[in-house]
$ cat run22.pdb   # PDB, C-alpha atoms, pLDDT in the B column
ATOM      1  CA  MET K  27       9.574  -0.869 -15.214  1.00 49.00           C
ATOM      2  CA  ARG K  28       7.663   0.119 -12.061  1.00 51.00           C
ATOM      3  CA  PHE K  29       5.144   1.878 -14.325  1.00 45.00           C
ATOM      4  CA  ILE K  30       4.422  -1.440 -16.049  1.00 45.00           C
ATOM      5  CA  TYR K  31       4.031  -3.174 -12.668  1.00 47.00           C
ATOM      6  CA  GLY K  32       1.600  -0.454 -11.607  1.00 49.00           C
ATOM      7  CA  ILE K  33      -0.483  -0.901 -14.758  1.00 46.00           C
ATOM      8  CA  LEU K  34      -0.594  -4.676 -14.264  1.00 47.00           C
ATOM      9  CA  LEU K  35      -1.700  -4.261 -10.663  1.00 49.00           C
ATOM     10  CA  ALA K  36      -4.352  -1.665 -11.608  1.00 49.00           C
ATOM     11  CA  LEU K  37      -5.661  -3.987 -14.323  1.00 48.00           C
ATOM     12  CA  GLY K  38      -5.922  -6.771 -11.762  1.00 52.00           C
ATOM     13  CA  VAL K  39      -7.902  -4.522  -9.413  1.00 49.00           C
ATOM     14  CA  ILE K  40     -10.281  -3.513 -12.223  1.00 49.00           C
ATOM     15  CA  VAL K  41     -10.842  -7.123 -13.250  1.00 46.00           C
ATOM     16  CA  GLY K  42     -11.357  -8.105  -9.622  1.00 47.00           C
ATOM     17  CA  GLY K  43     -13.798  -5.261  -9.027  1.00 48.00           C
ATOM     18  CA  THR K  44     -15.942  -6.149 -12.030  1.00 45.00           C
ATOM     19  CA  ALA K  45     -16.114  -9.740 -10.849  1.00 45.00           C
ATOM     20  CA  ALA K  46     -17.086  -9.067  -7.236  1.00 43.00           C
ATOM     21  CA  SER K  47     -20.267 -11.093  -7.580  1.00 43.00           C
ATOM     22  CA  GLN K  48     -18.194 -14.085  -8.666  1.00 45.00           C
ATOM     23  CA  ALA K  49     -15.848 -13.450  -5.762  1.00 42.00           C
ATOM     24  CA  GLN K  50     -18.758 -13.924  -3.392  1.00 40.00           C
ATOM     25  CA  GLU K  51     -19.040 -17.494  -4.632  1.00 47.00           C
ATOM     26  CA  ILE K  52     -15.602 -18.337  -3.321  1.00 47.00           C
ATOM     27  CA  ALA K  53     -15.035 -15.985  -0.378  1.00 44.00           C
ATOM     28  CA  GLY K  54     -18.497 -15.389   0.973  1.00 42.00           C
ATOM     29  CA  ASN K  55     -20.427 -18.621   1.192  1.00 40.00           C
ATOM     30  CA  GLY K  56     -17.912 -21.064   2.603  1.00 42.00           C
ATOM     31  CA  ASN K  57     -17.008 -22.609  -0.752  1.00 52.00           C
ATOM     32  CA  ASP K  58     -13.437 -22.606   0.560  1.00 71.00           C
ATOM     33  CA  SER K  59     -12.432 -23.162   4.155  1.00 84.00           C
ATOM     34  CA  ALA K  60      -9.615 -21.266   5.766  1.00 93.00           C
ATOM     35  CA  LEU K  61      -6.442 -21.715   3.728  1.00 94.00           C
ATOM     36  CA  ILE K  62      -2.716 -21.996   4.432  1.00 96.00           C
ATOM     37  CA  GLY K  63      -0.379 -20.796   1.685  1.00 97.00           C
ATOM     38  CA  LEU K  64       3.314 -21.382   1.091  1.00 98.00           C
ATOM     39  CA  SER K  65       5.168 -19.335  -1.515  1.00 98.00           C
ATOM     40  CA  ALA K  66       8.753 -19.628  -2.706  1.00 98.00           C
ATOM     41  CA  GLY K  67      10.331 -17.239  -5.165  1.00 98.00           C
ATOM     42  CA  MET K  68      12.564 -14.245  -5.738  1.00 97.00           C
ATOM     43  CA  PHE K  69      12.410 -11.057  -3.664  1.00 96.00           C
ATOM     44  CA  ASN K  70      13.502  -7.778  -5.287  1.00 93.00           C
ATOM     45  CA  VAL K  71      13.266  -9.301  -8.775  1.00 93.00           C
ATOM     46  CA  GLY K  72      15.323  -7.464 -11.384  1.00 88.00           C
ATOM     47  CA  ASP K  73      17.389  -5.553  -8.829  1.00 85.00           C
ATOM     48  CA  ASP K  74      21.046  -5.922  -7.780  1.00 83.00           C
ATOM     49  CA  HIS K  75      19.888  -7.134  -4.350  1.00 84.00           C
ATOM     50  CA  GLU K  76      17.787 -10.140  -5.427  1.00 93.00           C
ATOM     51  CA  ALA K  77      17.227 -12.787  -2.773  1.00 96.00           C
ATOM     52  CA  GLY K  78      15.246 -15.969  -2.349  1.00 97.00           C
ATOM     53  CA  GLU K  79      11.940 -15.532  -0.519  1.00 98.00           C
ATOM     54  CA  LEU K  80       9.784 -17.907   1.497  1.00 98.00           C
ATOM     55  CA  LEU K  81       6.337 -16.747   2.624  1.00 98.00           C
ATOM     56  CA  LEU K  82       3.824 -18.544   4.842  1.00 98.00           C
ATOM     57  CA  ASP K  83       0.301 -17.112   5.053  1.00 97.00           C
ATOM     58  CA  TYR K  84      -3.111 -17.764   6.559  1.00 97.00           C
ATOM     59  CA  ARG K  85      -6.270 -16.894   4.623  1.00 95.00           C
ATOM     60  CA  ALA K  86      -9.363 -16.729   6.845  1.00 94.00           C
ATOM     61  CA  GLU K  87     -12.584 -18.504   5.875  1.00 90.00           C
ATOM     62  CA  ASP K  88     -14.945 -15.759   7.001  1.00 87.00           C
ATOM     63  CA  ALA K  89     -15.136 -12.846   4.600  1.00 87.00           C
ATOM     64  CA  LEU K  90     -15.794  -9.205   5.471  1.00 87.00           C
ATOM     65  CA  PHE K  91     -18.651  -7.690   3.444  1.00 86.00           C
ATOM     66  CA  GLY K  92     -19.075 -11.112   1.847  1.00 82.00           C
ATOM     67  CA  VAL K  93     -15.908 -10.882  -0.286  1.00 88.00           C
ATOM     68  CA  LEU K  94     -12.796  -9.661   1.599  1.00 93.00           C
ATOM     69  CA  ARG K  95     -10.849 -12.340   3.472  1.00 94.00           C
ATOM     70  CA  PRO K  96      -8.558 -11.345   6.336  1.00 96.00           C
ATOM     71  CA  TRP K  97      -5.009 -12.418   5.470  1.00 95.00           C
ATOM     72  CA  GLY K  98      -1.756 -12.499   7.409  1.00 98.00           C
ATOM     73  CA  GLY K  99       1.612 -14.151   7.527  1.00 98.00           C
ATOM     74  CA  VAL K 100       5.367 -14.006   7.683  1.00 98.00           C
ATOM     75  CA  MET K 101       8.073 -13.729   5.053  1.00 98.00           C
ATOM     76  CA  ALA K 102      11.822 -14.341   5.194  1.00 98.00           C
ATOM     77  CA  THR K 103      14.536 -13.941   2.560  1.00 97.00           C
ATOM     78  CA  THR K 104      17.896 -15.608   2.033  1.00 97.00           C
ATOM     79  CA  ASP K 105      19.642 -12.342   2.918  1.00 95.00           C
ATOM     80  CA  GLY K 106      18.064 -12.165   6.375  1.00 96.00           C
ATOM     81  CA  ALA K 107      15.105  -9.872   5.695  1.00 96.00           C
ATOM     82  CA  ALA K 108      11.889 -10.598   7.587  1.00 97.00           C
ATOM     83  CA  TYR K 109       8.339  -9.264   7.287  1.00 98.00           C
ATOM     84  CA  GLY K 110       5.223  -9.895   9.383  1.00 98.00           C
ATOM     85  CA  PHE K 111       1.972  -8.612   7.899  1.00 98.00           C
ATOM     86  CA  GLY K 112      -1.811  -8.486   7.994  1.00 98.00           C
ATOM     87  CA  GLY K 113      -4.321  -7.332   5.422  1.00 98.00           C
ATOM     88  CA  LEU K 114      -7.185  -8.269   3.144  1.00 97.00           C
ATOM     89  CA  MET K 115      -7.569 -10.355   0.007  1.00 96.00           C
ATOM     90  CA  LEU K 116     -10.239 -10.856  -2.628  1.00 94.00           C
ATOM     91  CA  ASP K 117     -10.721 -14.223  -4.357  1.00 90.00           C
ATOM     92  CA  VAL K 118     -12.315 -14.346  -7.798  1.00 91.00           C
ATOM     93  CA  LEU K 119     -13.248 -17.771  -9.148  1.00 90.00           C
ATOM     94  CA  TRP K 120     -13.402 -18.123 -12.945  1.00 90.00           C
ATOM     95  CA  GLY K 121     -15.339 -21.348 -13.455  1.00 88.00           C
ATOM     96  CA  GLU K 122     -14.469 -24.246 -11.186  1.00 88.00           C
ATOM     97  CA  ASN K 123     -10.684 -24.292 -11.468  1.00 93.00           C
ATOM     98  CA  ILE K 124      -9.151 -20.862 -12.094  1.00 95.00           C
ATOM     99  CA  ALA K 125      -8.783 -18.378  -9.236  1.00 94.00           C
ATOM    100  CA  THR K 126      -7.452 -14.832  -9.212  1.00 96.00           C
ATOM    101  CA  THR K 127      -6.539 -13.412  -5.822  1.00 95.00           C
ATOM    102  CA  LEU K 128      -5.898  -9.709  -5.214  1.00 97.00           C
ATOM    103  CA  TYR K 129      -4.390  -8.674  -1.877  1.00 97.00           C
ATOM    104  CA  THR K 130      -2.977  -5.833   0.143  1.00 98.00           C
ATOM    105  CA  ALA K 131      -1.345  -5.741   3.568  1.00 98.00           C
ATOM    106  CA  VAL K 132       0.714  -3.652   5.951  1.00 98.00           C
ATOM    107  CA  GLY K 133       3.440  -4.957   8.203  1.00 98.00           C
ATOM    108  CA  ALA K 134       6.762  -4.611   9.960  1.00 97.00           C
ATOM    109  CA  PHE K 135       9.902  -5.118   7.865  1.00 97.00           C
ATOM    110  CA  HIS K 136      13.506  -5.824   8.870  1.00 96.00           C
ATOM    111  CA  ASP K 137      15.992  -5.635   5.979  1.00 94.00           C
ATOM    112  CA  GLY K 138      18.667  -7.993   7.372  1.00 93.00           C
ATOM    113  CA  ASP K 139      21.626  -7.923   4.972  1.00 93.00           C
ATOM    114  CA  GLY K 140      19.365  -7.093   2.010  1.00 89.00           C
ATOM    115  CA  GLU K 141      18.071  -3.903   0.493  1.00 88.00           C
ATOM    116  CA  ASP K 142      16.979  -1.133   2.834  1.00 90.00           C
ATOM    117  CA  LEU K 143      13.392  -0.344   1.777  1.00 92.00           C
ATOM    118  CA  GLY K 144      13.438   2.994   3.608  1.00 92.00           C
ATOM    119  CA  HIS K 145      11.187   2.323   6.600  1.00 95.00           C
ATOM    120  CA  TRP K 146      10.223  -0.457   8.978  1.00 96.00           C
ATOM    121  CA  VAL K 147       6.538  -0.073   7.958  1.00 97.00           C
ATOM    122  CA  GLU K 148       5.992  -1.590   4.517  1.00 97.00           C
ATOM    123  CA  PHE K 149       2.889  -2.163   2.421  1.00 98.00           C
ATOM    124  CA  ARG K 150       2.554  -5.207   0.167  1.00 98.00           C
ATOM    125  CA  SER K 151       0.025  -5.644  -2.628  1.00 97.00           C
ATOM    126  CA  GLY K 152      -0.218  -8.082  -5.458  1.00 98.00           C
ATOM    127  CA  ILE K 153      -2.039 -10.571  -7.596  1.00 98.00           C
ATOM    128  CA  GLU K 154      -2.037 -14.365  -7.692  1.00 98.00           C
ATOM    129  CA  LEU K 155      -3.310 -16.511 -10.553  1.00 98.00           C
ATOM    130  CA  SER K 156      -3.845 -20.124  -9.580  1.00 97.00           C
ATOM    131  CA  TYR K 157      -5.302 -23.428 -10.654  1.00 97.00           C
ATOM    132  CA  ARG K 158      -7.818 -24.747  -8.113  1.00 94.00           C
ATOM    133  CA  PHE K 159      -7.965 -28.532  -7.816  1.00 94.00           C
ATOM    134  CA  ASP K 160     -11.124 -30.487  -6.981  1.00 91.00           C
ATOM    135  CA  ASN K 161      -9.907 -30.879  -3.373  1.00 91.00           C
ATOM    136  CA  ARG K 162      -9.760 -27.018  -3.158  1.00 91.00           C
ATOM    137  CA  SER K 163      -5.960 -26.862  -2.952  1.00 95.00           C
ATOM    138  CA  ARG K 164      -4.320 -24.475  -5.409  1.00 96.00           C
ATOM    139  CA  VAL K 165      -1.055 -23.971  -7.217  1.00 98.00           C
ATOM    140  CA  GLY K 166      -0.260 -20.629  -8.792  1.00 98.00           C
ATOM    141  CA  LEU K 167       2.012 -17.773  -9.719  1.00 98.00           C
ATOM    142  CA  ASN K 168       2.159 -14.732  -7.468  1.00 97.00           C
ATOM    143  CA  PHE K 169       3.457 -11.227  -8.224  1.00 98.00           C
ATOM    144  CA  SER K 170       3.652  -8.503  -5.569  1.00 97.00           C
ATOM    145  CA  HIS K 171       5.075  -5.061  -4.868  1.00 97.00           C
ATOM    146  CA  MET K 172       6.296  -3.881  -1.478  1.00 97.00           C
ATOM    147  CA  SER K 173       7.032  -0.271  -0.528  1.00 95.00           C
ATOM    148  CA  ASN K 174       6.696   2.202   2.328  1.00 95.00           C
ATOM    149  CA  ALA K 175       4.264   4.483   0.406  1.00 94.00           C
ATOM    150  CA  ASP K 176       6.721   7.380   0.807  1.00 94.00           C
ATOM    151  CA  ILE K 177       6.483   7.533   4.600  1.00 94.00           C
ATOM    152  CA  GLY K 178      10.265   7.066   4.733  1.00 89.00           C
ATOM    153  CA  ASP K 179      13.066   9.262   3.400  1.00 87.00           C
ATOM    154  CA  ASP K 180      13.746   6.678   0.696  1.00 90.00           C
ATOM    155  CA  ASN K 181      11.246   4.380  -1.055  1.00 91.00           C
ATOM    156  CA  PRO K 182      12.999   2.015  -3.488  1.00 92.00           C
ATOM    157  CA  GLY K 183      10.275  -0.653  -3.324  1.00 93.00           C
ATOM    158  CA  ALA K 184      10.719  -4.312  -4.182  1.00 95.00           C
ATOM    159  CA  GLU K 185       8.901  -6.784  -6.396  1.00 96.00           C
ATOM    160  CA  THR K 186       8.458 -10.495  -5.749  1.00 97.00           C
ATOM    161  CA  LEU K 187       7.699 -13.289  -8.183  1.00 98.00           C
ATOM    162  CA  ALA K 188       6.850 -16.609  -6.556  1.00 98.00           C
ATOM    163  CA  LEU K 189       5.208 -19.987  -6.940  1.00 98.00           C
ATOM    164  CA  THR K 190       2.435 -20.576  -4.419  1.00 98.00           C
ATOM    165  CA  TYR K 191       0.787 -23.716  -3.045  1.00 98.00           C
ATOM    166  CA  VAL K 192      -2.385 -23.275  -0.996  1.00 96.00           C
ATOM    167  CA  ILE K 193      -4.175 -25.996   0.963  1.00 96.00           C
ATOM    168  CA  PRO K 194      -7.429 -25.876   2.957  1.00 95.00           C
ATOM    169  CA  VAL K 195      -6.816 -26.002   6.713  1.00 93.00           C
ATOM    170  CA  ASP K 196      -9.408 -28.754   7.136  1.00 89.00           C
ATOM    171  CA  GLN K 197      -7.295 -31.036   4.897  1.00 86.00           C
ATOM    172  CA  ILE K 198      -4.221 -30.509   7.055  1.00 84.00           C
ATOM    173  CA  PHE K 199      -5.900 -31.500  10.302  1.00 77.00           C
ATOM    174  CA  ASN K 200      -8.123 -34.362   9.048  1.00 72.00           C
TER     175      ASN K 200
END
$ encode --input "run22.pdb" --output "structure tokens"
Amino acid sequence: MRFIYGILLALGVIVGGTAASQAQEIAGNGNDSALIGLSAGMFNVGDDHEAGELLLDYRAEDALFGVLRPWGGVMATTDGAAYGFGGLMLDVLWGENIATTLYTAVGAFHDGDGEDLGHWVEFRSGIELSYRFDNRSRVGLNFSHMSNADIGDDNPGAETLALTYVIPVDQIFN
């Protein structure tokens, strides 16, 4: 099963890489302001230690190299796990209303009463497919993988499947 997840993630990276010029439209020229995202879903999907997950993130307006947005946030699960992270994301806009977001991050993980992922340093990467409304808010489906990249003695990894709602920061404070 992890092999299939790896192929899906690699395919997303390839698609995102071939569309980098389109990504500049959304991440590089201010088409979107800074964004706040809220995701709710299942952590450790398909495993005996499944738990509910809530994730709050901030997606910066300014893009590095014209396409990579700084990204950071916090995650908590219903079994007491917590994760604080920072990384980069790439937005690809397909027309006016469909967005694909690829992301990767590193952060500190506490397992609570949930699955021990083998180390307190965990890496998270994934893909989000969303519908972008005219007001620039988005609703989408998010799939990610989290693991310690074999820096720990054990590396079971965990997958998350979640629904995401993203809103521009300027709409929150206006």
$ axis_aligned_box --input "run22.pdb" --around "segment 66-78 of chain K" --padding-each-side "4 Å" --output "JSON"
{"center_x": 14.9, "center_y": -12.6, "center_z": -6.9, "size_x": 20.3, "size_y": 22.1, "size_z": 17.0}
$ residues_around --input "run22.pdb" --residues "segment 181-193 of chain K" --least-positions-apart "4" --cutoff "8 Å" --atoms "all atoms listed in the file" --output "NGL selection string"
:K and (61-71 or 79 or 143-145 or 162-176 or 197-198)
$ closest_residue --input "run22.pdb" --among "K:Val93, K:Ile153, K:Ala77, K:Met101" --to "Ala125 of chain K" --atoms "all atoms listed in the file"
K:Ile153
$ closest_residue --input "run22.pdb" --among "K:Glu76, K:Asp117, K:Asp196, K:Glu141" --to "Leu94 of chain K" --atoms "only C-alpha atoms"
K:Asp117
$ closest_residue --input "run22.pdb" --among "K:Gly106, K:Gly152, K:Gly72, K:Gly113" --to "Tyr84 of chain K" --atoms "all atoms listed in the file"
K:Gly113
$ atom_distance --input "run22.pdb" --atom1 "atom CA of Val100 of chain K" --atom2 "atom CA of Phe135 of chain K"
10.0 Å
$ closest_residue --input "run22.pdb" --among "K:Asp160, K:Gly78, K:Met115, K:Phe199" --to "Leu90 of chain K" --atoms "only C-alpha atoms"
K:Met115
$ residues_around --input "run22.pdb" --residues "Arg95 of chain K" --least-positions-apart "2" --cutoff "8 Å" --atoms "only C-alpha atoms" --output "number ranges by chain"
K: 53, 85-90, 93, 97, 114-116
$ residues_around --input "run22.pdb" --residues "Asp105 of chain K" --least-positions-apart "5" --cutoff "7 Å" --atoms "all atoms listed in the file" --output "PDB file with C-alpha atoms, in the coordinates of the input"
ATOM      1  CA  ALA K  77      17.227 -12.787  -2.773  1.00 96.00           C
ATOM      2  CA  GLY K 138      18.667  -7.993   7.372  1.00 93.00           C
ATOM      3  CA  ASP K 139      21.626  -7.923   4.972  1.00 93.00           C
ATOM      4  CA  GLY K 140      19.365  -7.093   2.010  1.00 89.00           C
TER       5      GLY K 140
END
$ closest_residue --input "run22.pdb" --among "K:Val195, K:Glu154, K:Phe159, K:Asp83" --to "Leu128 of chain K" --atoms "all atoms listed in the file"
K:Glu154
$ atom_distance --input "run22.pdb" --atom1 "atom CA of Ala102 of chain K" --atom2 "atom CA of Leu81 of chain K"
6.5 Å
$ closest_residue --input "run22.pdb" --among "K:Thr104, K:Asn161, K:Ser156, K:Ser59" --to "His75 of chain K" --atoms "all atoms listed in the file"
K:Thr104
$ atom_distance --input "run22.pdb" --atom1 "atom CA of Phe111 of chain K" --atom2 "atom CA of Ala134 of chain K"
6.6 Å
$ decode --input "run22.pdb" --residues "segment 76-92 of chain K" --atoms "N, CA and C atoms" --output "tab-separated table (two decimals), in the first residue's frame"
chain	number	residue	atom	x	y	z
K	76	GLU	N	-5.88	4.43	13.88
K	76	GLU	CA	-6.49	5.60	13.25
K	76	GLU	C	-6.98	6.58	14.31
K	77	ALA	N	-6.92	7.86	13.97
K	77	ALA	CA	-7.40	8.90	14.88
K	77	ALA	C	-7.91	10.07	14.05
K	78	GLY	N	-8.77	10.86	14.62
K	78	GLY	CA	-9.20	12.09	13.97
K	78	GLY	C	-8.06	13.09	13.99
K	79	GLU	N	-7.97	13.93	12.95
K	79	GLU	CA	-6.91	14.93	12.88
K	79	GLU	C	-7.50	16.29	12.56
K	80	LEU	N	-6.96	17.31	13.21
K	80	LEU	CA	-7.30	18.70	12.91
K	80	LEU	C	-5.98	19.42	12.68
K	81	LEU	N	-5.89	20.14	11.55
K	81	LEU	CA	-4.65	20.83	11.20
K	81	LEU	C	-4.98	22.27	10.84
K	82	LEU	N	-4.22	23.20	11.38
K	82	LEU	CA	-4.35	24.62	11.08
K	82	LEU	C	-3.02	25.07	10.48
K	83	ASP	N	-3.08	25.70	9.28
K	83	ASP	CA	-1.83	26.12	8.65
K	83	ASP	C	-1.90	27.54	8.12
K	84	TYR	N	-0.72	28.10	7.91
K	84	TYR	CA	-0.56	29.43	7.33
K	84	TYR	C	0.27	29.29	6.06
K	85	ARG	N	-0.22	29.86	4.97
K	85	ARG	CA	0.45	29.79	3.68
K	85	ARG	C	0.84	31.22	3.27
K	86	ALA	N	2.12	31.51	3.27
K	86	ALA	CA	2.60	32.87	3.04
K	86	ALA	C	2.27	33.35	1.63
K	87	GLU	N	2.10	34.66	1.49
K	87	GLU	CA	1.83	35.26	0.18
K	87	GLU	C	3.08	35.29	-0.68
K	88	ASP	N	4.18	35.73	-0.11
K	88	ASP	CA	5.42	35.86	-0.87
K	88	ASP	C	6.01	34.50	-1.17
K	89	ALA	N	6.41	34.31	-2.42
K	89	ALA	CA	6.92	33.02	-2.86
K	89	ALA	C	8.42	33.09	-3.09
K	90	LEU	N	9.13	32.07	-2.68
K	90	LEU	CA	10.56	31.95	-2.93
K	90	LEU	C	10.75	31.48	-4.37
K	91	PHE	N	11.69	32.06	-5.08
K	91	PHE	CA	11.97	31.72	-6.47
K	91	PHE	C	10.73	31.88	-7.36
K	92	GLY	N	9.78	32.67	-6.91
K	92	GLY	CA	8.58	32.92	-7.69
K	92	GLY	C	7.50	31.86	-7.59
